[in-house]
$ cat protein_26.csv   # CSV, C-alpha atoms
chain,number,residue,atom,x,y,z
J,494,MET,CA,12.2,-22.3,-23.3
J,495,ALA,CA,12.1,-22.8,-19.5
J,496,THR,CA,10.1,-25.6,-17.9
J,497,ASN,CA,7.0,-25.1,-15.8
J,498,ASP,CA,8.9,-26.3,-12.7
J,499,VAL,CA,8.0,-23.5,-10.1
J,500,THR,CA,11.5,-23.7,-8.7
J,501,THR,CA,12.9,-22.3,-12.0
J,502,THR,CA,10.7,-19.2,-11.9
J,503,LEU,CA,11.3,-17.9,-8.4
J,504,ASP,CA,14.3,-15.9,-7.2
J,505,THR,CA,15.5,-15.4,-10.7
J,506,ALA,CA,16.2,-12.4,-13.0
J,507,LEU,CA,16.2,-12.4,-16.8
J,508,GLY,CA,17.7,-9.6,-18.9
J,509,PHE,CA,16.6,-8.9,-22.5
J,510,THR,CA,17.2,-6.6,-25.4
J,511,ILE,CA,15.2,-5.8,-28.5
J,512,ALA,CA,17.9,-4.4,-30.7
J,513,ALA,CA,15.6,-3.3,-33.5
J,514,ARG,CA,13.7,-1.1,-31.1
J,515,HIS,CA,16.7,0.2,-29.2
J,516,ALA,CA,15.2,-1.3,-26.0
J,517,ARG,CA,16.5,-3.4,-23.1
J,518,GLY,CA,15.1,-4.5,-19.8
J,519,ARG,CA,14.8,-7.0,-16.9
J,520,VAL,CA,12.2,-9.2,-15.5
J,521,VAL,CA,12.5,-10.7,-12.0
J,522,ARG,CA,10.4,-12.8,-9.7
J,523,LEU,CA,11.0,-13.4,-6.0
J,524,GLY,CA,9.8,-16.1,-3.7
J,525,PRO,CA,11.7,-17.9,-0.9
J,526,ALA,CA,14.4,-15.3,-0.8
J,527,LEU,CA,11.8,-12.6,-0.2
J,528,ASP,CA,10.1,-14.6,2.6
J,529,THR,CA,13.5,-15.2,4.3
J,530,ILE,CA,14.2,-11.4,4.4
J,531,LEU,CA,10.7,-10.5,5.6
J,532,ALA,CA,10.6,-13.3,8.2
J,533,ALA,CA,13.5,-11.7,10.1
J,534,HIS,CA,11.4,-8.7,10.9
J,535,ALA,CA,7.8,-9.7,11.2
J,536,TYR,CA,6.6,-6.4,9.7
J,537,PRO,CA,2.8,-5.6,9.5
J,538,PRO,CA,1.5,-6.7,6.1
J,539,VAL,CA,1.4,-3.2,4.5
J,540,LEU,CA,5.0,-2.6,5.4
J,541,ALA,CA,6.1,-6.1,4.3
J,542,ARG,CA,4.6,-5.3,0.9
J,543,LEU,CA,6.4,-2.0,0.8
J,544,LEU,CA,9.8,-3.6,1.6
J,545,ALA,CA,9.0,-6.3,-1.0
J,546,GLU,CA,8.5,-3.7,-3.6
J,547,ALA,CA,11.8,-2.1,-2.7
J,548,LEU,CA,13.6,-5.4,-3.0
J,549,VAL,CA,12.0,-6.1,-6.4
J,550,LEU,CA,13.2,-2.7,-7.5
J,551,GLY,CA,16.7,-3.4,-6.1
J,552,ALA,CA,16.8,-6.7,-8.1
J,553,LEU,CA,15.6,-5.0,-11.3
J,554,LEU,CA,18.1,-2.1,-11.1
J,555,GLY,CA,21.0,-4.1,-9.5
J,556,SER,CA,20.9,-6.8,-12.2
J,557,THR,CA,21.7,-4.1,-14.8
J,558,LEU,CA,25.2,-3.6,-13.2
J,559,LYS,CA,28.0,-4.6,-15.6
J,560,HIS,CA,30.4,-5.9,-12.9
J,561,ALA,CA,29.8,-8.6,-10.4
J,562,GLU,CA,31.5,-6.5,-7.7
J,563,GLY,CA,29.0,-3.7,-8.3
J,564,GLN,CA,26.4,-2.8,-5.7
J,565,LEU,CA,23.0,-1.1,-6.0
J,566,THR,CA,21.4,0.6,-3.0
J,567,LEU,CA,17.9,2.1,-2.6
J,568,GLN,CA,17.4,4.3,0.4
J,569,ALA,CA,14.3,6.3,1.2
J,570,GLN,CA,14.7,8.9,3.9
J,571,THR,CA,11.6,10.7,5.1
J,572,LYS,CA,10.0,13.1,7.5
J,573,GLY,CA,6.5,13.0,9.0
J,574,GLY,CA,5.4,9.6,7.6
J,575,VAL,CA,5.0,6.1,9.0
J,576,VAL,CA,8.3,5.0,7.7
J,577,ASP,CA,11.4,7.1,8.5
J,578,LEU,CA,14.0,4.9,6.8
J,579,LEU,CA,13.9,2.2,4.2
J,580,VAL,CA,17.0,0.5,2.7
J,581,ALA,CA,17.2,-2.2,0.0
J,582,ASP,CA,20.6,-3.5,-1.2
J,583,TYR,CA,21.7,-5.7,-4.1
J,584,LYS,CA,25.2,-7.2,-4.8
J,585,ALA,CA,25.9,-10.1,-7.2
J,586,GLY,CA,22.4,-11.4,-6.9
J,587,ALA,CA,22.3,-11.2,-3.1
J,588,MET,CA,19.6,-9.0,-1.6
J,589,ARG,CA,18.9,-7.5,1.8
J,590,GLY,CA,16.7,-4.9,3.2
J,591,TYR,CA,14.9,-3.4,6.2
J,592,LEU,CA,12.9,-0.4,7.3
J,593,ARG,CA,12.2,1.6,10.5
J,594,PHE,CA,8.7,2.7,11.2
J,595,ASP,CA,6.5,4.5,13.8
J,596,ALA,CA,4.0,2.0,15.2
J,597,ASP,CA,1.7,4.8,16.5
J,598,LYS,CA,1.6,6.5,13.2
J,599,LEU,CA,0.9,3.2,11.4
J,600,ALA,CA,-2.0,2.6,13.7
J,601,GLU,CA,-3.5,5.9,12.7
J,602,ALA,CA,-2.9,5.4,9.0
J,603,PRO,CA,-5.7,4.0,6.7
J,604,ALA,CA,-5.7,0.4,5.8
J,605,GLU,CA,-4.2,1.1,2.4
J,606,PRO,CA,-2.0,4.2,3.0
J,607,SER,CA,-0.8,6.3,0.2
J,608,LEU,CA,2.9,6.8,-0.5
J,609,PHE,CA,2.7,10.2,1.1
J,610,ALA,CA,1.1,8.7,4.3
J,611,LEU,CA,3.9,6.1,4.4
J,612,PHE,CA,6.8,8.5,3.8
J,613,GLY,CA,5.6,12.0,4.3
J,614,ASN,CA,8.1,14.5,2.9
J,615,GLY,CA,10.8,12.3,1.6
J,616,TYR,CA,13.1,11.3,-1.2
J,617,LEU,CA,14.4,8.2,-2.8
J,618,ALA,CA,18.2,7.9,-3.3
J,619,ILE,CA,19.4,5.3,-5.9
J,620,THR,CA,23.1,4.6,-5.7
J,621,PHE,CA,25.0,2.6,-8.3
J,622,ASP,CA,28.5,1.6,-7.2
J,623,GLN,CA,30.3,-0.1,-10.1
J,624,ALA,CA,33.2,-1.1,-7.9
J,625,SER,CA,35.0,-2.8,-10.7
J,626,LEU,CA,38.6,-3.7,-10.1
J,627,THR,CA,39.9,-2.8,-13.5
J,628,GLY,CA,38.7,-1.5,-16.8
J,629,GLU,CA,36.3,1.2,-18.0
J,630,GLY,CA,34.2,2.6,-15.1
J,631,ALA,CA,36.5,1.2,-12.4
J,632,GLY,CA,35.3,2.5,-9.1
J,633,GLU,CA,32.6,4.6,-10.6
J,634,ARG,CA,29.9,5.6,-8.1
J,635,TYR,CA,26.9,7.8,-8.8
J,636,GLN,CA,23.6,8.6,-7.2
J,637,GLY,CA,20.3,10.0,-8.2
J,638,ILE,CA,17.8,11.5,-5.8
J,639,VAL,CA,14.1,12.0,-6.6
J,640,PRO,CA,11.1,13.0,-4.5
J,641,LEU,CA,8.9,10.2,-3.2
J,642,GLU,CA,6.0,11.2,-5.3
J,643,GLY,CA,3.3,9.2,-7.2
J,644,GLY,CA,1.5,6.1,-6.2
J,645,SER,CA,4.3,3.7,-5.6
J,646,LEU,CA,8.1,3.2,-5.4
J,647,ALA,CA,7.9,1.9,-9.0
J,648,GLU,CA,6.6,5.3,-10.1
J,649,ALA,CA,9.4,7.1,-8.1
J,650,ALA,CA,11.9,4.9,-9.9
J,651,GLU,CA,10.5,5.9,-13.3
J,652,HIS,CA,10.9,9.5,-12.2
J,653,TYR,CA,14.5,8.8,-11.3
J,654,PHE,CA,15.3,7.5,-14.8
J,655,ALA,CA,13.5,10.4,-16.4
J,656,GLN,CA,15.2,13.1,-14.3
J,657,SER,CA,18.6,11.7,-13.5
J,658,GLU,CA,19.3,9.3,-16.3
J,659,GLN,CA,17.2,10.9,-19.1
J,660,ILE,CA,16.2,7.4,-20.2
J,661,PRO,CA,12.5,6.8,-20.9
J,662,SER,CA,11.5,3.8,-18.8
J,663,ILE,CA,8.6,1.6,-17.7
J,664,VAL,CA,8.7,0.0,-14.2
J,665,ARG,CA,6.1,-2.4,-13.1
J,666,VAL,CA,6.0,-4.2,-9.7
J,667,SER,CA,3.4,-6.5,-8.2
J,668,ILE,CA,3.3,-8.4,-4.9
J,669,LYS,CA,1.0,-11.3,-4.0
J,670,THR,CA,0.5,-12.8,-0.6
J,671,LEU,CA,-0.5,-16.5,-0.8
J,672,PRO,CA,-3.1,-18.0,1.5
J,673,ASP,CA,-0.3,-19.7,3.6
J,674,GLY,CA,1.4,-16.3,4.2
J,675,ARG,CA,4.2,-16.8,1.6
J,676,HIS,CA,4.9,-14.1,-0.9
J,677,VAL,CA,5.5,-13.9,-4.6
J,678,ALA,CA,6.7,-10.6,-6.1
J,679,GLY,CA,7.5,-9.8,-9.7
J,680,GLY,CA,8.8,-6.8,-11.6
J,681,LEU,CA,9.5,-5.6,-15.1
J,682,LEU,CA,11.9,-2.8,-16.2
J,683,ALA,CA,12.0,-1.7,-19.9
J,684,GLN,CA,14.1,1.2,-21.2
J,685,HIS,CA,14.7,3.0,-24.4
J,686,LEU,CA,18.3,3.4,-25.5
J,687,PRO,CA,18.5,5.7,-28.5
J,688,GLU,CA,20.9,4.6,-31.2
J,689,GLY,CA,22.5,2.2,-28.6
J,690,GLU,CA,23.8,3.7,-25.4
J,691,GLU,CA,26.4,6.2,-26.5
J,692,GLY,CA,26.8,9.6,-28.0
J,693,ARG,CA,23.3,10.8,-28.5
J,694,GLU,CA,20.8,13.1,-26.8
J,695,ARG,CA,18.3,10.9,-25.0
J,696,LEU,CA,15.0,12.1,-23.5
J,697,HIS,CA,13.9,15.2,-25.4
J,698,THR,CA,14.7,13.7,-28.8
J,699,ARG,CA,13.2,10.3,-28.2
J,700,LEU,CA,10.0,10.7,-26.1
J,701,ASP,CA,7.9,10.7,-29.3
J,702,HIS,CA,9.9,8.1,-31.1
J,703,PRO,CA,7.6,5.4,-32.6
J,704,GLU,CA,10.1,2.6,-31.7
J,705,TRP,CA,9.8,3.4,-28.0
J,706,GLN,CA,6.1,4.1,-28.2
J,707,HIS,CA,5.6,0.5,-29.5
J,708,VAL,CA,7.7,-1.1,-26.8
J,709,GLU,CA,6.0,1.1,-24.2
J,710,ALA,CA,2.5,0.1,-25.4
J,711,LEU,CA,3.4,-3.7,-25.3
J,712,THR,CA,5.0,-3.4,-21.9
J,713,GLN,CA,2.0,-1.7,-20.4
J,714,THR,CA,-0.2,-4.8,-21.2
J,715,ILE,CA,1.6,-6.9,-18.6
J,716,SER,CA,-0.8,-7.8,-15.7
J,717,PRO,CA,0.0,-8.1,-12.0
J,718,ALA,CA,-1.1,-11.8,-12.2
J,719,GLU,CA,1.5,-12.5,-14.9
J,720,LEU,CA,4.3,-10.9,-12.8
J,721,THR,CA,3.4,-13.0,-9.8
J,722,ASP,CA,2.5,-16.3,-11.4
J,723,PRO,CA,5.1,-18.8,-10.1
J,724,THR,CA,4.2,-21.3,-12.9
J,725,LEU,CA,4.9,-18.8,-15.7
J,726,PRO,CA,8.6,-18.9,-16.8
J,727,LEU,CA,10.2,-15.5,-17.3
J,728,ASP,CA,11.1,-16.2,-20.9
J,729,GLU,CA,7.5,-17.2,-21.6
J,730,LEU,CA,6.4,-14.0,-20.0
J,731,LEU,CA,8.6,-12.1,-22.4
J,732,TRP,CA,7.3,-14.1,-25.3
J,733,ARG,CA,3.8,-13.1,-24.4
J,734,LEU,CA,4.8,-9.4,-24.5
J,735,PHE,CA,7.1,-9.4,-27.5
J,736,HIS,CA,6.3,-12.4,-29.7
J,737,GLU,CA,5.7,-10.2,-32.7
J,738,GLU,CA,9.2,-8.8,-32.6
J,739,GLU,CA,11.7,-10.1,-35.1
J,740,GLU,CA,14.3,-10.8,-32.4
J,741,VAL,CA,14.4,-10.7,-28.6
J,742,ARG,CA,17.7,-11.6,-27.1
J,743,THR,CA,17.9,-12.9,-23.5
J,744,LEU,CA,20.8,-13.1,-21.1
J,745,PRO,CA,21.4,-16.2,-19.0
J,746,LEU,CA,18.9,-16.6,-16.2
J,747,GLY,CA,20.4,-15.1,-13.0
J,748,ALA,CA,19.8,-16.4,-9.5
J,749,LEU,CA,18.6,-14.1,-6.7
J,750,SER,CA,19.0,-14.8,-3.0
J,751,ARG,CA,18.8,-13.4,0.5
J,752,GLY,CA,22.4,-12.3,1.2
J,753,CYS,CA,23.2,-10.3,4.3
J,754,ARG,CA,26.9,-9.7,4.4
J,755,CYS,CA,27.2,-9.5,8.2
J,756,SER,CA,29.6,-12.0,9.9
J,757,ALA,CA,31.9,-12.1,12.9
J,758,GLU,CA,34.9,-11.9,10.5
J,759,HIS,CA,33.5,-8.8,8.8
J,760,ILE,CA,32.7,-7.1,12.1
J,761,GLN,CA,36.2,-7.9,13.4
J,762,SER,CA,37.7,-6.3,10.3
J,763,VAL,CA,35.6,-3.2,10.9
J,764,LEU,CA,36.5,-3.0,14.6
J,765,ALA,CA,40.2,-3.3,13.7
J,766,ARG,CA,40.0,0.1,12.1
J,767,PHE,CA,39.3,1.7,15.5
J,768,ALA,CA,41.9,2.8,18.0
J,769,PRO,CA,42.5,0.2,20.8
J,770,GLU,CA,41.1,2.6,23.4
J,771,ASP,CA,37.9,3.1,21.4
J,772,ARG,CA,37.5,-0.7,21.0
J,773,ALA,CA,38.0,-1.2,24.7
J,774,GLU,CA,35.1,1.2,25.4
J,775,MET,CA,32.8,-0.8,23.1
J,776,ALA,CA,33.5,-4.1,24.9
J,777,ASP,CA,31.5,-5.6,27.8
J,778,ASP,CA,33.1,-7.2,30.9
J,779,ASN,CA,33.8,-10.3,28.9
J,780,GLY,CA,35.7,-8.5,26.2
J,781,LEU,CA,32.9,-8.9,23.7
J,782,VAL,CA,31.5,-6.2,21.4
J,783,HIS,CA,27.8,-6.8,20.7
J,784,VAL,CA,26.9,-5.6,17.2
J,785,ASP,CA,23.3,-5.6,15.9
J,786,CYS,CA,22.6,-6.1,12.1
J,787,GLU,CA,19.5,-4.2,11.0
J,788,PHE,CA,19.3,-6.2,7.8
J,789,CYS,CA,19.0,-9.7,9.3
J,790,ALA,CA,17.9,-8.7,12.8
J,791,CYS,CA,20.7,-10.6,14.4
J,792,SER,CA,23.1,-9.7,17.2
J,793,PHE,CA,26.7,-10.7,17.0
J,794,PRO,CA,28.9,-11.0,20.1
J,795,VAL,CA,32.4,-10.5,18.7
J,796,ALA,CA,35.7,-10.7,20.5
J,797,LEU,CA,38.0,-7.7,20.1
J,798,PRO,CA,40.7,-8.2,17.5
J,799,ALA,CA,44.1,-8.8,18.8

$ encode --input "protein_26.csv" --output "structure tokens"
Amino acid sequence: MATNDVTTTLDTALGFTIAARHARGRVVRLGPALDTILAAHAYPPVLARLLAEALVLGALLGSTLKHAEGQLTLQAQTKGGVVDLLVADYKAGAMRGYLRFDADKLAEAPAEPSLFALFGNGYLAITFDQASLTGEGAGERYQGIVPLEGGSLAEAAEHYFAQSEQIPSIVRVSIKTLPDGRHVAGGLLAQHLPEGEEGRERLHTRLDHPEWQHVEALTQTISPAELTDPTLPLDELLWRLFHEEEEVRTLPLGALSRGCRCSAEHIQSVLARFAPEDRAEMADDNGLVHVDCEFCACSFPVALPA
């Protein structure tokens, strides 16, 4: 059992399985890493919460990847709403994200805008890139696209699993803003895996299965306050939900962090792929190429590669 030290409950992810119920899931809670990402952009509160929700989803889904080299990307592309692009990215516990928005449309929107007001006609693309070097699934990349419908990004993610993966799932996300402006965000993902993960029809044969109905009923009792309570260890949260189960297995606690992958070295490696004449056109009078990173809101003056 984890201690009540707050530092052990923030920026962490915990996987679990309930073998007797053919269920698995993840719980995550974000704190300082989330604040670091949001602080780079100074978004209005309603948009900061939206990006926070996307980052929690990214952590929930990304932490299910089997290989450390794998990457999970959420991208919402829209038309007619306040937000015209939202991206959240996860790789090996490192998260990054940003969004673009129309300030004039935001000013005209209600104080608590609906998902349609935020995105208009849009869709959510969820891309899993296994990127494993060897073994089963090496280099596998697949994507599911679902409309941005419902009341939240969490609901859109549930639709993704129902439509693209045919896996009955529950997704819950909650964000709390503390009096001092800091954020705590938590999320829970629970999924039904009929007869394990292989070889069986999923959705249409299992929607009425009592094993999943039981897990679903327990999962739905989780409260926003529990998801965002920084003093509540994640394993204790699982115990509250599933303490009547015969066995709940947990994976080692995983660390989450803010992790933009931009650097001068990376940008130089990208520039090296361009023809010399193209690189010359990009450079200023001092021979520097100025590259802006949307994720961390930083500008990098980089010397042209030799």

$ closest_residue --input "protein_26.csv" --among "J:Ala748, J:Ile530, J:Cys789, J:Ala773" --to "J:Thr502" --atoms "only C-alpha atoms"
J:Ala748

$ closest_residue --input "protein_26.csv" --among "J:Ala569, J:Ala552, J:Met588, J:Leu725" --to "J:Val639" --atoms "only C-alpha atoms"
J:Ala569

$ closest_atom_pairs --input "protein_26.csv" --of "stretch 565-593 of chain J" --to "stretch 533-539 of chain J" --cutoff "10 Å" --atoms "all atoms listed in the file" --output "Markdown table"
| residue | atom | partner | partner_atom | distance |
| --- | --- | --- | --- | --- |
| J:Tyr591 | CA | J:His534 | CA | 7.9 |
| J:Leu592 | CA | J:Tyr536 | CA | 9.0 |
| J:Arg593 | CA | J:Tyr536 | CA | 9.8 |

$ closest_residue --input "protein_26.csv" --among "J:Thr743, J:Thr721, J:Gln623, J:Gln684" --to "J:Arg522" --atoms "only C-alpha atoms"
J:Thr721

$ residues_around --input "protein_26.csv" --residues "J:Phe793" --least-positions-apart "2" --cutoff "7 Å" --atoms "all atoms listed in the file" --output "VMD selection string"
chain J and resid 757 783 to 785 791 795

$ residues_near_point --input "protein_26.csv" --point "(23.7, -7.3, 5.8)" --cutoff "8 Å" --atoms "all atoms listed in the file" --output "PyMOL selection string"
chain J and resi 589-590+752-755+786-789

$ residues_around --input "protein_26.csv" --residues "J:Ala678" --least-positions-apart "4" --cutoff "7 Å" --atoms "all atoms listed in the file" --output "PDB file with C-alpha atoms, in the coordinates of the input"
ATOM      1  CA  ARG J 522      10.400 -12.800  -9.700  1.00  0.00           C
ATOM      2  CA  LEU J 523      11.000 -13.400  -6.000  1.00  0.00           C
ATOM      3  CA  GLY J 524       9.800 -16.100  -3.700  1.00  0.00           C
ATOM      4  CA  VAL J 549      12.000  -6.100  -6.400  1.00  0.00           C
ATOM      5  CA  SER J 667       3.400  -6.500  -8.200  1.00  0.00           C
ATOM      6  CA  ILE J 668       3.300  -8.400  -4.900  1.00  0.00           C
ATOM      7  CA  LYS J 669       1.000 -11.300  -4.000  1.00  0.00           C
ATOM      8  CA  THR J 721       3.400 -13.000  -9.800  1.00  0.00           C
TER       9      THR J 721
END

$ residues_around --input "protein_26.csv" --residues "J:Leu727" --least-positions-apart "5" --cutoff "9 Å" --atoms "all atoms listed in the file" --output "number ranges by chain"
J: 495, 502, 505-507, 520-522, 720, 732, 746

$ residues_near_point --input "protein_26.csv" --point "(25.8, -4.9, -17.7)" --cutoff "12 Å" --atoms "all atoms listed in the file" --output "ChimeraX atom specification"
/J:508-510,517-519,554-563,585,623,625,630,690,744

$ atom_distance --input "protein_26.csv" --atom1 "atom CA of J:Glu704" --atom2 "atom CA of J:Arg514"
5.2 Å

$ axis_aligned_box --input "protein_26.csv" --around "stretch 787-792 of chain J" --padding-each-side "5 Å" --output "AutoDock Vina command-line options"
--center_x 20.5 --center_y -7.4 --center_z 12.5 --size_x 15.2 --size_y 16.4 --size_z 19.4

$ atom_distance --input "protein_26.csv" --atom1 "atom CA of J:Ala581" --atom2 "atom CA of J:Leu531"
11.9 Å

$ closest_residue --input "protein_26.csv" --among "J:Gly747, J:Glu658, J:His515, J:Glu633" --to "J:Ala587" --atoms "all atoms listed in the file"
J:Gly747

$ residues_around --input "protein_26.csv" --residues "J:Ile663" --least-positions-apart "5" --cutoff "9 Å" --atoms "only C-alpha atoms" --output "number ranges by chain"
J: 647-648, 651, 681-684, 709, 712-713

$ atom_distance --input "protein_26.csv" --atom1 "atom CA of J:Ser657" --atom2 "atom CA of J:Ala618"
10.9 Å

$ closest_residue --input "protein_26.csv" --among "J:Ser645, J:Phe767, J:Glu737, J:Arg634" --to "J:Ala545" --atoms "only C-alpha atoms"
J:Ser645

$ closest_residue --input "protein_26.csv" --among "J:Gly644, J:Pro794, J:Pro661, J:Gly680" --to "J:Gln761" --atoms "all atoms listed in the file"
J:Pro794

$ residues_around --input "protein_26.csv" --residues "J:Tyr616" --least-positions-apart "5" --cutoff "7 Å" --atoms "only C-alpha atoms" --output "PyMOL selection string"
chain J and resi 569-571+638-641
